[in-house]
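Notes follow once the structure below has been shown.
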Amino acid sequence: MSGQTRREFLHNGMSFVALGIGMPTFLMEAAHAQTIKSVAAGQSSLISGDKILVLVEFGGGNDGLNTVVPYMDPEYKKLRPTIGIRKQDVVPIDANLGLHPRLKPIKEMYEKGQLAVVAGVGYPNPNYSHFESSDIWQLADPAHQLKDRVGWLARYFNEDGHLKANPLSGLTLTGTLPMAFSSENIAASVLTLGQDDPFSSPNQDKEYQARLAARRSIYSQGTIANNHGDFIRKVGGHAYTNTTEIRAALGAYDKKANKTAHYPEYNELSRSLQSVSKLIVGGLSTRVYYVGIGGFDTHANQPDQHANLLGGIAESISAFYRDLALQGRDKDVMLMTFSEFGRRAGENASSGTDHGTASVMFVAGGAVKGGVHGEHPSLKDLKDGDMKFTTDFRRVYANVLDKWMGANSEKVLGGKFDHVGLV
């Protein structure tokens, strides 16, 4: 199998190990049975993680200007006479900036110094394509200098040695493999899960046990001799082992957690973060979790749609950290949000906003230095109707890599970027 063919297989064929969406049922069944056996024998290969990073992607291009509002700037009202947030509705965080009213649930975290707001985030020569700009953030490569399209998190794993040492270094609950994890060897370190719980118990009848025994032998005995088969069998084996550890972690959470936080219902991000909390508390060895929520491409009728999205996000993040705090893990976990781009400064004729540039990032956690970081872009000094970014997103990545993940950001990002003071 050629290098390029293998990369394409890994990037496009990860559904083979995508639990709950594309993973073969027999792998799920095998993992369930093996977990029961391992737990009964008192065996576990789980290793409690050290510092953990949770990435939350806002898919579609989040309107940073209505997320963190310059409510004292008269230009804001001029640019957004219809969809702008009223001054009296804003949740102030300082004398000039305030949160969208639906973000009120995370105001308490801000007041405790557990939430950082990074203003004016973007990159040079912005791209307005969802796909291209998303790749830029995921690869951390605005100038397209990388010869191989290897994601910034994959480069972190390679640099830090987790790729070989830990087959569960990264875990995404988005159902597909994000470009940030993309690498020729990524199948060995990143597992892809669906958002819904894929670990429901199968029937334990004789027929099931017979099927299970037969399917296990496929991976344990190596019945396929060609290279393609060897590779597929290896991926299947990883899925089998990783699923076992995930089930064990979920079981450990159920035993450890005497009290749990209430998560909002019918919210895709809420379900994902609740699963992440369970896996962290349960002792899974994962260092980086990746979750996401879409719907931010608000070209028309933005106010209600954007408000509902932000409300669900705030409630979910607040519940996530309450849950972690109850289990004594809130200081071990940093959560970072991002979106591929922001929106234009002025509203359009459809009560929405079009693709723009500078936006905002949130970084949360018990060890975060809270407050506003960076400078909010001027609304008087626009470029073709767009705000000029003031904080390169790679400065945030560098800060997190160096001070939180213990990596060498210059090697991972291919350059030196000043920190923004998050940690």
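Each chain in the structure tokens gets a letter, A, B and so on, in the order shown; residues start at 1 in every chain, and ligands are counted from 1 in the order they appear.
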
Strand (DSSP E) residues, from DSSP on the backbone, in region 256-378 of chain A, as a ChimeraX atom specification: /A:288-293,333-338,359-364,371-373

All helix (DSSP H, G or I) residues (DSSP, backbone) inside region 228-398 of chain A, as a PyMOL selection string: chain A and resi 228-256+268-281+302-326+330-332+393-398

Using only C-alpha atoms, tabulate the residues of region 96-183 of chain A lying at most 10 Å from any atom of region 269-278 of chain A, each with its closest atom pair and that distance in Å to one decimal, by chain and increasing residue number, as JSON lines.
{"residue": "A:Leu171", "atom": "CA", "partner": "A:Val276", "partner_atom": "CA", "distance": 9.2}
{"residue": "A:Thr172", "atom": "CA", "partner": "A:Ser272", "partner_atom": "CA", "distance": 9.4}
{"residue": "A:Leu173", "atom": "CA", "partner": "A:Ser272", "partner_atom": "CA", "distance": 6.5}
{"residue": "A:Thr174", "atom": "CA", "partner": "A:Ser272", "partner_atom": "CA", "distance": 8.5}

Write out the residues from the selection above, keeping all heavy atoms, as a short mmCIF file (atom, residue, chain, number, x, y, z; two decimals), in the first residue's frame.
data_model
loop_
_atom_site.label_atom_id
_atom_site.label_comp_id
_atom_site.auth_asym_id
_atom_site.auth_seq_id
_atom_site.Cartn_x
_atom_site.Cartn_y
_atom_site.Cartn_z
N LEU A 171 -8.95 11.49 21.26
CA LEU A 171 -10.27 10.89 21.06
C LEU A 171 -11.22 11.98 20.60
O LEU A 171 -11.31 13.05 21.21
CB LEU A 171 -10.78 10.27 22.37
CG LEU A 171 -12.00 9.36 22.28
CD1 LEU A 171 -11.97 8.33 23.40
CD2 LEU A 171 -13.29 10.14 22.37
N THR A 172 -11.89 11.75 19.48
CA THR A 172 -12.87 12.70 18.98
C THR A 172 -14.27 12.11 19.02
O THR A 172 -14.47 10.94 18.70
CB THR A 172 -12.54 13.14 17.54
OG1 THR A 172 -13.63 13.90 17.01
CG2 THR A 172 -12.29 11.95 16.62
N LEU A 173 -15.23 12.92 19.44
CA LEU A 173 -16.63 12.50 19.51
C LEU A 173 -17.45 13.14 18.41
O LEU A 173 -18.65 13.30 18.53
CB LEU A 173 -17.23 12.82 20.88
CG LEU A 173 -16.90 11.84 22.01
CD1 LEU A 173 -15.49 12.09 22.54
CD2 LEU A 173 -17.91 11.94 23.14
N THR A 174 -16.80 13.52 17.33
CA THR A 174 -17.50 14.19 16.24
C THR A 174 -18.00 13.22 15.18
O THR A 174 -18.72 13.61 14.27
CB THR A 174 -16.58 15.21 15.56
OG1 THR A 174 -15.40 14.55 15.09
CG2 THR A 174 -16.18 16.31 16.54
#

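One distance worth recording is that between CA of His355 (chain A) and CA of Gly84 (chain A), which is 16.7 Å.
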
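Between Val69 (chain A) and the candidates A:Ser359, A:Asn408, A:Asn258, A:Asn267, the tightest atom-to-atom separation, counting only C-alpha atoms, involves A:Ser359.
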
Pick from A:Lys51, A:His130, A:Lys147, A:His299 nearest to Ser351 (chain A), counting only C-alpha atoms: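 Ranked by minimum distance to Ser351 (chain A), first place goes to A:His299.
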
Near-His376 (chain A) list (12 Å; only C-alpha atoms; drop same-chain fewer than 5 positions) as number ranges by chain: A: 64-65, 68-71, 73, 96-98, 117-122, 358-361, 381, 387-391

Minimum-distance residue to Val363 (chain A), chosen among A:Ile106, A:Ile280, A:Leu413, A:Met336 (using only C-alpha atoms):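 Nearest candidate to Val363 (chain A) out of A:Ile106, A:Ile280, A:Leu413, A:Met336: A:Met336.
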